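Asks: Right, I'll just put the structure down here and ask away after.
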Amino acid sequence: MPGQPGKLQASFVSGELADTLEARKDLKYYRSGLRQAINCIPLPQGPATLRPYTRQVSRARRMMEAVSLASATVSAPSGGTAAHAVDGDPATRVVTGDLSGAGPHVVLLVEFAAPAEVSAVDVAPFRCAVAGRISVEYWDGAAWQILNADRALRTVDRSRRFCAPPAAPVTAALWRVVARDLAATGTVELAGVAFWREGASYGVSRLRSFGYSREEAYDLELTGGHGDVYKAGAGWVAGFALPHSAEELAHSRWRQQLNTALLFCATRRTTRIFRENADLEWEVSPAPFEDVPDHDFGDRDYTNGLPAVWDFQFVNVTTGVFTITVDGEETAAIGPVSNPALNPATTMPLMVEALEALPTIKPGLTAVSITSPMRVRLTFSGAGNEGQVIVNATRVLNAADAAVSWQLIQKGKKGGEPIFSDLRGWPRCGAFYQQRLLVGGAPGVPNAFVASVTGEYFSLQTEITRANGAFVAPMDTEGAEVIEEMLPARALLIFTSEGEYWLSNPTLTKEQAPAPVKASSHGIAPAVPVVENEGGAIFVSATGATLLKFGWNEVDQTYATERLSVLAVHLVKDVIDLARKRATADTDANLLWYVQADGAVRIVTLLREQDVTGFARVETDGRALAVCANAANEVTLLFEREVAGAPVRFIERAESGLLLDQAVTIEFVTPSATVTGLNDHEDVEVWAIGDDEVYGPFRVAGGMVTLPVPVSTVTVGRWRPFLAETLPPSREVGPQIVTESAVGFHTVRLLLQGTTSVAVGANGEEVVDVPLLDFGGVPDVPSLLAPFTGRRVMDGFPGAVDDPTVVVTQLRPGFITLKSITPEGDF
């Protein structure tokens with residue numbers, strides 16, 4: 001029978017809308033929105049497709065705890081005092097005799113009374129008089145095995161943590177530190193060794209991207225005391241010691257450029273994580289700030305100030321009348337003085353009087369006569385004259401061939417203490433901008449940032465007077481406003497606890513004061529990353545419940561803030577992490593991934609030039625704790641999932657075309673129906689995709705499942721379906737006239753593309769599977785290799801409700817792209 005007219009919806013770009021908008025059917029966004037958008041991504045062209053599911057990379061590491069060496073025997077077979085390696089004093093070292101050649105040369109041997117479980121060994125610091133290699137090895141009962149490969153041995157101090165992979169400790173009684181492949185003859189020095197194992201609990205973790213290049217891109221999982229390195233497109237490669245506690249990491253910010261990353265925390269000295277041009281070589285040390293400027297905090301008397309001292313010499317001045325210009329202000333005429341060089345007792349009081357009359361100089365100057373050569377020395381002492389005082393010029397008013405020369409003897413310096421330190425706190429954030437490192441938000445001066453010398457990121461020498469010199473830039477803010485983050489974009493963007501600013505200076509120079517312009521007053525959520533997007537920035541408000549864009553407005557020629565989550569306020573709550581994935585051929589739009597404190601994950605499709613802002617939920621068997629997007633444009637997440645009834649954390653990567661979460665793929669030499677090695681899915685429901693056919697669900701027992709048929713390749717993982725539920729239709733029958741009677745849809749027409757699994761329901765009734773194989777057809781290929789593209793009609797849906805909707809979902813894993821929905825009903 002012919003169909004009745006229906007309401008076509010061919011666009012889902014507004015994503016899931018808040019239920020408070022269900023009465024606003026007049027909004028243009030209503031026609032492209034959904035009541036529920038789960039495990040789907042709205043595409044800019046209109047359809048909605050399956051979100052990328054995740055592949056397991058590794059178990060995450062639990063918190064490290066020390067392994068006691070009290071009962072271990074420590075010796076130094078190649079010479080030196082072995083006790084120096086375990087006395088906790090970095091100044092005492094094991095120093096071997098002269099070594100050379102390939103080795104191995106055992107620098108240190110550690111024997112436990114019984115086999116010890118070890119996850120990491122610190123060797124810190126160490127060096128050698130010549131180049132070579134160093135490794136940590138353990139005896140497995142038959143041979144010495146290298147732990148996590150060897151590292152470079154150089155002539156400068158370096159520290160390394162040699163690690164076993166997360167959740168895969170090594171148990172052995174005999175351990176040794178070995179030098180090998182020495183380029184010449186020399187001694188090896190080693191200051192300390194420490195052993196660590198994973199404890200029973202997890203701590204706060206953060207995922208941060210470290211991108212040297214797209215080919216050498218990494219995800220770092222940072223936990224209290226430790227960091228793990230995961231390479232893009234691969235897995236875990238190395239680990240390093242980290243001085244931060246879990247609490248400090250929870251309040252930290254991150255900035256990375258090329259081989260250097262900086263970890264900022266107000267209560268911990270800024271830490272530099274340096275990749276030494278190799279996957280395994282990670283050096284962690286305090287950021288090497290030099291010449292940190294002093295600041296007068298006003299709560300103590302400082303005695304380290306220095307007054308400016310200038311010498312004045314009189315040339316051909318017989319009866320002198322002269323002026324001195326200081327800090328741009330010229331004195332009144334001084335004199336006449338008869339032969340001032342020979343009459344300092346008369347000249348000096350006049351000079352002091354004239355200078356103290358200047359508005360920039362306070363009383364208290366002192367003057368003395370210097371005899372060889374004859375000159376007057378002025379010391380700009382006295383309260384209020386602290387710091388630099390600059391003599392700009394002198395003029396002799398009554399003789400053309402006379403002059404008064406001046407010479408700086410001592411540069412003035414205000415008393416104070418370093419602007420950031422262990423006592424006063426450290427910068428909360430930083431940014432690389434115009435060949436400078438900017439750091440700001442230190443507790444002692446929370447509204448100021450410090451700019452380094454141009455081209456020298458760690459030199460903060462403010463005594464340089466040229467344009468490239470370092471400087472301190474306090475912002476004009478009220479109350480306790482704190483700089484929380486800085487981001488280079490079209491201009492330098494500065495985010496504080498109270499508002500958003502942009503720096504209007506086209507060039508950052510010491511000769512021109514920075515001019516921050518306040519654009520809005522939302523404030524930023526502490527420790528949540530700010531991500532660049534389309535030339536602007538995406539950030540989370542101080543409340544953690546609003547997602548905003550801070551971007552350039554061409555009309556007004558200024559930056560302005562736009563609320564992105566105004567139509568999906570119910571999907572933004574207590575955001576703790578945020579990442580951006582760049583547009584790909586699959587999406588043509590950037591994707592924002594964010595994690596909430598309750599473990600929920602959301603994805604936002606963003607293409608603002610086409611008015612696309614589509615929010616969607618990620619539903620999975622577990623809770624998310626962190627997210628990042630690396631330089632290879634991969635999204636990595638930290639999940640906590642139940643395994644055999646206990647919480648276990650996993651590092652997972654989102655992968656386009658994958659149909660299962662926490663997926664693991666196993667290849668068999670000979671086809672098999674028994675799949676083992678599934679311990680990370682113990683006692684949970686999983687699905688299996690074997691040779692492109694879907695099987696399941698199964699419950700894993702003893703780390704295994706049995707498929708109905710043997711397969712050559714199988715991918716096993718957890719699954720939650722795609723779900724798109726439409727908004728109720730407009731019931732308007734005339735201008736401002738509606739009908740509220742209960743109605744229902746009886747037919748649903750779907751336009752699908754590349755789909756292998758789809759189910760549909762209407763009016764709140766159970767969903768039914770949609771057959772994608774025409775009647776009489778016989779599949780000759782696995783279902784995932786025969787995607788359906790075209791129209792499907794399902795009719796006979798019962799029921800009548802006040803607000804009928806259509807649900808498009810799945811009853812088994814499979815591909816799906818929904819291009820349009822056309823429901824038909826008797827209204």
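In the structure tokens, chains take letters A, B, ... by order of appearance, with residues numbered from 1 within each chain and ligands from 1 in the order shown.
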Counting only C-alpha atoms, what is within 6 Å of Leu592 of chain A, bar same-chain residues fewer than 5 positions away, as a list in words?
Replies: Ala579, Arg580, Ile603 and Val604 of chain A
Asks: Name the residues in contact with Val472 of chain A at a cut-off of 10 Å, using only C-alpha atoms, excluding same-chain residues fewer than 5 positions from it; report them as a ChimeraX atom specification.
Replies: /A:293-295,419,438-440,448-452,460,462,510,513-514
Asks: Do you know which residues are at most 7 Å from segment 616-632 of chain A counting only C-alpha atoms, after dropping those on the same chain fewer than 5 positions away, and could you put them as a PyMOL selection string?
Replies: chain A and resi 15-16+37-41+206-211+213-214+217-219+232+577-581+594-595+599-604+637-642+718-720
Asks: Could you name the residues that touch Pro42 of chain A at 7 Å or less, counting only C-alpha atoms, but leaving out those on the same chain fewer than 3 positions away, as an NGL selection string?
Replies: :A and (12-13 or 15 or 46-49 or 605 or 614)
Asks: Taking the backbone alone, and naming residues the way the document does, which bits of segment 69-245 of chain A are helix (DSSP H, G or I) by DSSP, as a list in words?
Replies: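 Filtering segment 69-245 of chain A to helix (DSSP H, G or I) leaves Ala82, Ala83, His84 and Ala85 of chain A.
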Asks: With only C-alpha atoms as the atoms that count, which of A:Gly33, A:Gly235, A:Gly717, A:Pro443 lies nearest to Arg268 of chain A?
Replies: A:Pro443
Asks: Using only C-alpha atoms, which residue out of A:Ala85, A:Ala91, A:Val716, A:Ala173 lies closest to Ala114 of chain A?
Replies: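 The shortest atom-to-atom distance to Ala114 of chain A comes from A:Ala173.
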Asks: Just the residues within 7 Å of Trp196 of chain A, please, counting only C-alpha atoms, with nothing from its chain fewer than 3 positions along; format it as a list of chain:residue names.
Replies: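 Selected residues are A:Met64, A:Glu65, A:Ala66, A:Val67, A:Val118, A:Ser119, A:Ala120, A:Val121.
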Asks: Create the file for the chosen residues now, containing all heavy atoms and written as a short mmCIF file (atom, residue, chain, number, x, y, z; two decimals), in the first residue's frame.
Replies:
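Listed below is the output, out-v6.cif:
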data_model
loop_
_atom_site.label_atom_id
_atom_site.label_comp_id
_atom_site.auth_asym_id
_atom_site.auth_seq_id
_atom_site.Cartn_x
_atom_site.Cartn_y
_atom_site.Cartn_z
N MET A 64 53.80 3.10 42.22
CA MET A 64 55.06 2.45 42.56
C MET A 64 55.32 2.55 44.07
O MET A 64 54.99 3.54 44.72
CB MET A 64 56.20 3.12 41.82
CG MET A 64 56.19 2.87 40.32
SD MET A 64 56.69 1.18 39.92
CE MET A 64 57.34 1.44 38.27
N GLU A 65 55.97 1.51 44.60
CA GLU A 65 56.43 1.54 45.98
C GLU A 65 57.84 0.95 46.02
O GLU A 65 58.20 0.09 45.22
CB GLU A 65 55.49 0.79 46.91
CG GLU A 65 55.24 -0.65 46.54
CD GLU A 65 54.20 -1.31 47.44
OE1 GLU A 65 53.25 -0.63 47.86
OE2 GLU A 65 54.37 -2.52 47.71
N ALA A 66 58.65 1.43 46.96
CA ALA A 66 60.06 1.04 47.01
C ALA A 66 60.24 -0.41 47.44
O ALA A 66 59.48 -0.93 48.26
CB ALA A 66 60.81 1.96 47.96
N VAL A 67 61.24 -1.05 46.88
CA VAL A 67 61.67 -2.39 47.30
C VAL A 67 62.88 -2.21 48.21
O VAL A 67 63.89 -1.61 47.82
CB VAL A 67 62.04 -3.26 46.08
CG1 VAL A 67 62.56 -4.62 46.55
CG2 VAL A 67 60.84 -3.43 45.16
N VAL A 118 60.11 -7.00 40.87
CA VAL A 118 60.64 -5.68 40.52
C VAL A 118 59.95 -5.18 39.25
O VAL A 118 59.85 -5.90 38.25
CB VAL A 118 62.17 -5.74 40.31
CG1 VAL A 118 62.70 -4.40 39.81
CG2 VAL A 118 62.86 -6.15 41.60
N SER A 119 59.50 -3.93 39.30
CA SER A 119 58.90 -3.29 38.13
C SER A 119 59.79 -2.23 37.51
O SER A 119 59.60 -1.87 36.35
CB SER A 119 57.55 -2.66 38.50
OG SER A 119 56.62 -3.64 38.89
N ALA A 120 60.74 -1.70 38.29
CA ALA A 120 61.62 -0.66 37.77
C ALA A 120 62.87 -0.57 38.62
O ALA A 120 62.85 -0.87 39.82
CB ALA A 120 60.91 0.69 37.74
N VAL A 121 63.96 -0.15 37.98
CA VAL A 121 65.23 0.08 38.67
C VAL A 121 65.75 1.45 38.25
O VAL A 121 65.91 1.73 37.06
CB VAL A 121 66.27 -1.00 38.31
CG1 VAL A 121 67.58 -0.73 39.05
CG2 VAL A 121 65.74 -2.39 38.65
#
Asks: Excluding segment 548-565 of chain A and residues on its chain fewer than 2 positions from it, collect all residues at most 9 Å away from it, counting only C-alpha atoms, and give them as a PyMOL selection string.
Replies: chain A and resi 490+493+500-502+504+517-520+522+533-541+545-546+567-572+613+615
Asks: Using the chain letters and numbers from this document, which residues of segment 630-793 of chain A does DSSP assign to strand (DSSP E or B), as a PDB file with C-alpha atoms, in the first residue's frame?
Replies:
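Generated output (states_0.pdb):
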ATOM      1  CA  VAL A 635      42.986   9.642  20.576  1.00  0.00           C
ATOM      2  CA  THR A 636      44.210   7.741  23.640  1.00  0.00           C
ATOM      3  CA  LEU A 637      42.098   7.138  26.738  1.00  0.00           C
ATOM      4  CA  LEU A 638      42.613   5.738  30.218  1.00  0.00           C
ATOM      5  CA  PHE A 639      39.723   3.489  31.261  1.00  0.00           C
ATOM      6  CA  GLU A 640      38.906   1.672  34.464  1.00  0.00           C
ATOM      7  CA  ARG A 641      37.006  -1.556  33.769  1.00  0.00           C
ATOM      8  CA  GLU A 642      35.855  -4.519  35.817  1.00  0.00           C
ATOM      9  CA  VAL A 643      37.937  -7.674  35.401  1.00  0.00           C
ATOM     10  CA  ALA A 646      37.858  -5.958  40.439  1.00  0.00           C
ATOM     11  CA  PRO A 647      38.708  -2.566  38.878  1.00  0.00           C
ATOM     12  CA  VAL A 648      41.629  -2.601  36.448  1.00  0.00           C
ATOM     13  CA  ARG A 649      42.898   0.326  34.394  1.00  0.00           C
ATOM     14  CA  PHE A 650      43.800   0.160  30.714  1.00  0.00           C
ATOM     15  CA  ILE A 651      45.423   2.400  28.117  1.00  0.00           C
ATOM     16  CA  GLU A 652      43.279   2.257  24.975  1.00  0.00           C
ATOM     17  CA  ARG A 653      43.306   4.005  21.589  1.00  0.00           C
ATOM     18  CA  ALA A 654      40.289   4.967  19.525  1.00  0.00           C
ATOM     19  CA  GLU A 655      40.485   3.305  16.125  1.00  0.00           C
ATOM     20  CA  ASP A 661      35.940  -1.560  22.958  1.00  0.00           C
ATOM     21  CA  GLN A 662      39.106  -2.721  24.721  1.00  0.00           C
ATOM     22  CA  ALA A 663      39.571  -4.868  21.652  1.00  0.00           C
ATOM     23  CA  VAL A 664      42.350  -7.417  21.347  1.00  0.00           C
ATOM     24  CA  THR A 665      43.181  -9.205  18.094  1.00  0.00           C
ATOM     25  CA  ILE A 666      44.592 -12.735  17.969  1.00  0.00           C
ATOM     26  CA  GLU A 667      45.906 -14.525  14.901  1.00  0.00           C
ATOM     27  CA  PHE A 668      46.084 -18.335  14.725  1.00  0.00           C
ATOM     28  CA  VAL A 669      48.602 -20.343  12.742  1.00  0.00           C
ATOM     29  CA  THR A 670      45.909 -22.997  12.397  1.00  0.00           C
ATOM     30  CA  PRO A 671      42.224 -21.938  12.523  1.00  0.00           C
ATOM     31  CA  SER A 672      40.787 -22.472  15.989  1.00  0.00           C
ATOM     32  CA  ALA A 673      37.446 -22.081  17.741  1.00  0.00           C
ATOM     33  CA  THR A 674      39.069 -21.738  21.171  1.00  0.00           C
ATOM     34  CA  VAL A 675      40.261 -18.235  21.962  1.00  0.00           C
ATOM     35  CA  GLU A 685      30.419 -10.267  28.406  1.00  0.00           C
ATOM     36  CA  VAL A 686      32.283  -9.944  25.136  1.00  0.00           C
ATOM     37  CA  TRP A 687      31.668 -10.244  21.414  1.00  0.00           C
ATOM     38  CA  ALA A 688      34.006 -11.756  18.866  1.00  0.00           C
ATOM     39  CA  ILE A 689      34.653 -10.862  15.238  1.00  0.00           C
ATOM     40  CA  GLY A 690      36.278 -13.824  13.540  1.00  0.00           C
ATOM     41  CA  GLU A 693      31.860 -12.517  10.962  1.00  0.00           C
ATOM     42  CA  VAL A 694      30.241 -11.468  14.235  1.00  0.00           C
ATOM     43  CA  TYR A 695      29.785 -13.989  17.056  1.00  0.00           C
ATOM     44  CA  GLY A 696      28.471 -13.626  20.570  1.00  0.00           C
ATOM     45  CA  PRO A 697      27.853 -12.619  23.150  1.00  0.00           C
ATOM     46  CA  PHE A 698      30.106 -14.773  25.336  1.00  0.00           C
ATOM     47  CA  ARG A 699      31.114 -14.631  28.979  1.00  0.00           C
ATOM     48  CA  ALA A 701      35.782 -17.886  31.905  1.00  0.00           C
ATOM     49  CA  MET A 704      38.890 -18.077  27.168  1.00  0.00           C
ATOM     50  CA  VAL A 705      35.793 -18.357  24.989  1.00  0.00           C
ATOM     51  CA  THR A 706      34.745 -20.929  22.425  1.00  0.00           C
ATOM     52  CA  LEU A 707      33.434 -19.801  19.048  1.00  0.00           C
ATOM     53  CA  PRO A 708      30.924 -21.835  17.054  1.00  0.00           C
ATOM     54  CA  VAL A 709      33.424 -22.232  14.191  1.00  0.00           C
ATOM     55  CA  PRO A 710      37.211 -22.153  13.840  1.00  0.00           C
ATOM     56  CA  VAL A 711      38.671 -18.862  12.629  1.00  0.00           C
ATOM     57  CA  SER A 712      42.093 -17.620  11.514  1.00  0.00           C
ATOM     58  CA  THR A 713      41.879 -14.136  13.028  1.00  0.00           C
ATOM     59  CA  VAL A 714      39.631 -12.970  15.827  1.00  0.00           C
ATOM     60  CA  THR A 715      39.044  -9.657  17.593  1.00  0.00           C
ATOM     61  CA  VAL A 716      37.422  -9.835  21.017  1.00  0.00           C
ATOM     62  CA  GLY A 717      36.091  -6.929  23.060  1.00  0.00           C
ATOM     63  CA  ARG A 718      33.230  -5.302  24.933  1.00  0.00           C
ATOM     64  CA  LEU A 723      21.728   4.593  19.233  1.00  0.00           C
ATOM     65  CA  ALA A 724      20.029   7.595  17.641  1.00  0.00           C
ATOM     66  CA  GLU A 725      16.608   8.617  18.958  1.00  0.00           C
ATOM     67  CA  THR A 726      14.694  11.354  17.190  1.00  0.00           C
ATOM     68  CA  GLU A 732       1.404  22.225  14.976  1.00  0.00           C
ATOM     69  CA  VAL A 733      -1.717  22.224  12.798  1.00  0.00           C
ATOM     70  CA  GLY A 734      -1.890  25.985  12.404  1.00  0.00           C
ATOM     71  CA  ILE A 737      -2.199  25.822  17.232  1.00  0.00           C
ATOM     72  CA  VAL A 738      -1.160  22.311  18.194  1.00  0.00           C
ATOM     73  CA  VAL A 743      -0.362   9.382  18.411  1.00  0.00           C
ATOM     74  CA  PHE A 745       4.407   6.152  14.083  1.00  0.00           C
ATOM     75  CA  HIS A 746       3.404   3.012  12.217  1.00  0.00           C
ATOM     76  CA  THR A 747       6.137   3.070   9.528  1.00  0.00           C
ATOM     77  CA  VAL A 748       9.791   4.066   9.542  1.00  0.00           C
ATOM     78  CA  ARG A 749      11.827   4.520   6.372  1.00  0.00           C
ATOM     79  CA  LEU A 750      15.622   4.480   6.703  1.00  0.00           C
ATOM     80  CA  LEU A 751      18.270   5.528   4.222  1.00  0.00           C
ATOM     81  CA  LEU A 752      21.468   3.655   5.075  1.00  0.00           C
ATOM     82  CA  GLN A 753      25.035   3.569   3.831  1.00  0.00           C
ATOM     83  CA  GLY A 754      27.677   0.891   4.410  1.00  0.00           C
ATOM     84  CA  THR A 755      25.561  -0.756   7.115  1.00  0.00           C
ATOM     85  CA  ALA A 759      17.528  -2.204  14.417  1.00  0.00           C
ATOM     86  CA  VAL A 760      14.605   0.193  14.700  1.00  0.00           C
ATOM     87  CA  GLY A 761      11.803   0.906  17.141  1.00  0.00           C
ATOM     88  CA  ALA A 762       9.073   3.511  17.558  1.00  0.00           C
ATOM     89  CA  VAL A 768      13.389  -5.034  15.984  1.00  0.00           C
ATOM     90  CA  ASP A 769      16.278  -6.067  13.779  1.00  0.00           C
ATOM     91  CA  PHE A 788      24.178  -2.554   2.719  1.00  0.00           C
ATOM     92  CA  THR A 789      23.547   0.807   1.088  1.00  0.00           C
ATOM     93  CA  GLY A 790      20.007   1.832   0.247  1.00  0.00           C
ATOM     94  CA  ARG A 791      16.515   2.149   1.742  1.00  0.00           C
ATOM     95  CA  ARG A 792      14.780  -0.074   4.218  1.00  0.00           C
ATOM     96  CA  VAL A 793      11.152   0.171   5.355  1.00  0.00           C
TER      97      VAL A 793
END
Asks: Would you mind telling me which residue in A:Thr270, A:Asn343, A:Ser372, A:Thr543 lies nearest to Cys429 of chain A when using only C-alpha atoms?
Replies: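 Of A:Thr270, A:Asn343, A:Ser372, A:Thr543, the one nearest Cys429 of chain A, counting only C-alpha atoms, is A:Thr270.
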Asks: I want to know what sits within 7 Å of segment 324-340 of chain A, based on only C-alpha atoms, with residues of the same chain fewer than 3 positions away left out; could you give that as a ChimeraX atom specification?
Replies: /A:317-321,343-344,347,350-351,354-355,358,389-395
Asks: For N, CA and C atoms, I'd like the residues from the last selection saved as a compact mmCIF listing (two decimals), in the first residue's frame.
Replies:
# COMPACT_ATOMS: atom_id res chain seq x y z
N VAL A 317 85.43 72.61 31.96
CA VAL A 317 84.42 73.40 32.66
C VAL A 317 85.14 74.32 33.64
N THR A 318 85.12 75.61 33.35
CA THR A 318 85.78 76.57 34.25
C THR A 318 84.78 77.17 35.22
N THR A 319 83.82 77.90 34.68
CA THR A 319 82.71 78.37 35.52
C THR A 319 81.48 77.66 34.99
N GLY A 320 81.07 76.62 35.68
CA GLY A 320 80.09 75.70 35.11
C GLY A 320 78.66 76.00 35.50
N VAL A 321 77.79 75.93 34.50
CA VAL A 321 76.35 75.88 34.69
C VAL A 321 75.88 74.70 33.84
N ASN A 343 86.62 72.01 42.77
CA ASN A 343 85.86 72.45 43.94
C ASN A 343 84.70 71.48 44.22
N PRO A 344 85.00 70.21 44.46
CA PRO A 344 83.92 69.24 44.69
C PRO A 344 83.08 69.56 45.91
N THR A 347 80.53 71.80 44.56
CA THR A 347 79.73 71.22 43.47
C THR A 347 78.78 70.13 43.96
N LEU A 350 75.34 71.02 45.44
CA LEU A 350 74.44 71.57 44.42
C LEU A 350 73.87 70.45 43.53
N MET A 351 74.72 69.49 43.18
CA MET A 351 74.25 68.36 42.35
C MET A 351 73.20 67.54 43.11
N ALA A 354 69.89 69.46 43.32
CA ALA A 354 69.16 69.50 42.04
C ALA A 354 68.53 68.15 41.70
N LEU A 355 69.30 67.08 41.95
CA LEU A 355 68.76 65.75 41.65
C LEU A 355 67.61 65.37 42.57
N LEU A 358 64.15 66.42 41.57
CA LEU A 358 63.43 65.76 40.48
C LEU A 358 62.28 64.92 41.03
N VAL A 389 68.67 53.36 38.23
CA VAL A 389 68.53 54.78 37.97
C VAL A 389 69.39 55.07 36.75
N ILE A 390 68.82 55.63 35.72
CA ILE A 390 69.51 55.80 34.45
C ILE A 390 69.80 57.28 34.21
N VAL A 391 71.09 57.62 34.05
CA VAL A 391 71.49 58.96 33.63
C VAL A 391 71.44 58.98 32.11
N ASN A 392 70.59 59.83 31.58
CA ASN A 392 70.38 59.87 30.13
C ASN A 392 71.28 60.87 29.42
N ALA A 393 71.56 62.01 30.07
CA ALA A 393 72.31 63.06 29.38
C ALA A 393 72.77 64.11 30.38
N THR A 394 73.75 64.92 29.95
CA THR A 394 74.14 66.14 30.68
C THR A 394 74.29 67.26 29.66
N ARG A 395 74.14 68.50 30.15
CA ARG A 395 74.34 69.67 29.28
C ARG A 395 75.09 70.75 30.04
Asks: Can you tell me how far atom CA of Arg61 of chain A sits from atom CA of Phe126 of chain A, in Å to one decimal?
Replies: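 Answer for the atom CA of Arg61 of chain A to atom CA of Phe126 of chain A separation: 26.1 Å.
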Asks: Go ahead and compute the interatomic distance for atom CA of Gln512 of chain A and atom CA of Gln434 of chain A, in Å to one decimal.
Replies: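 Result for atom CA of Gln512 of chain A versus atom CA of Gln434 of chain A: 14.7 Å, one decimal.
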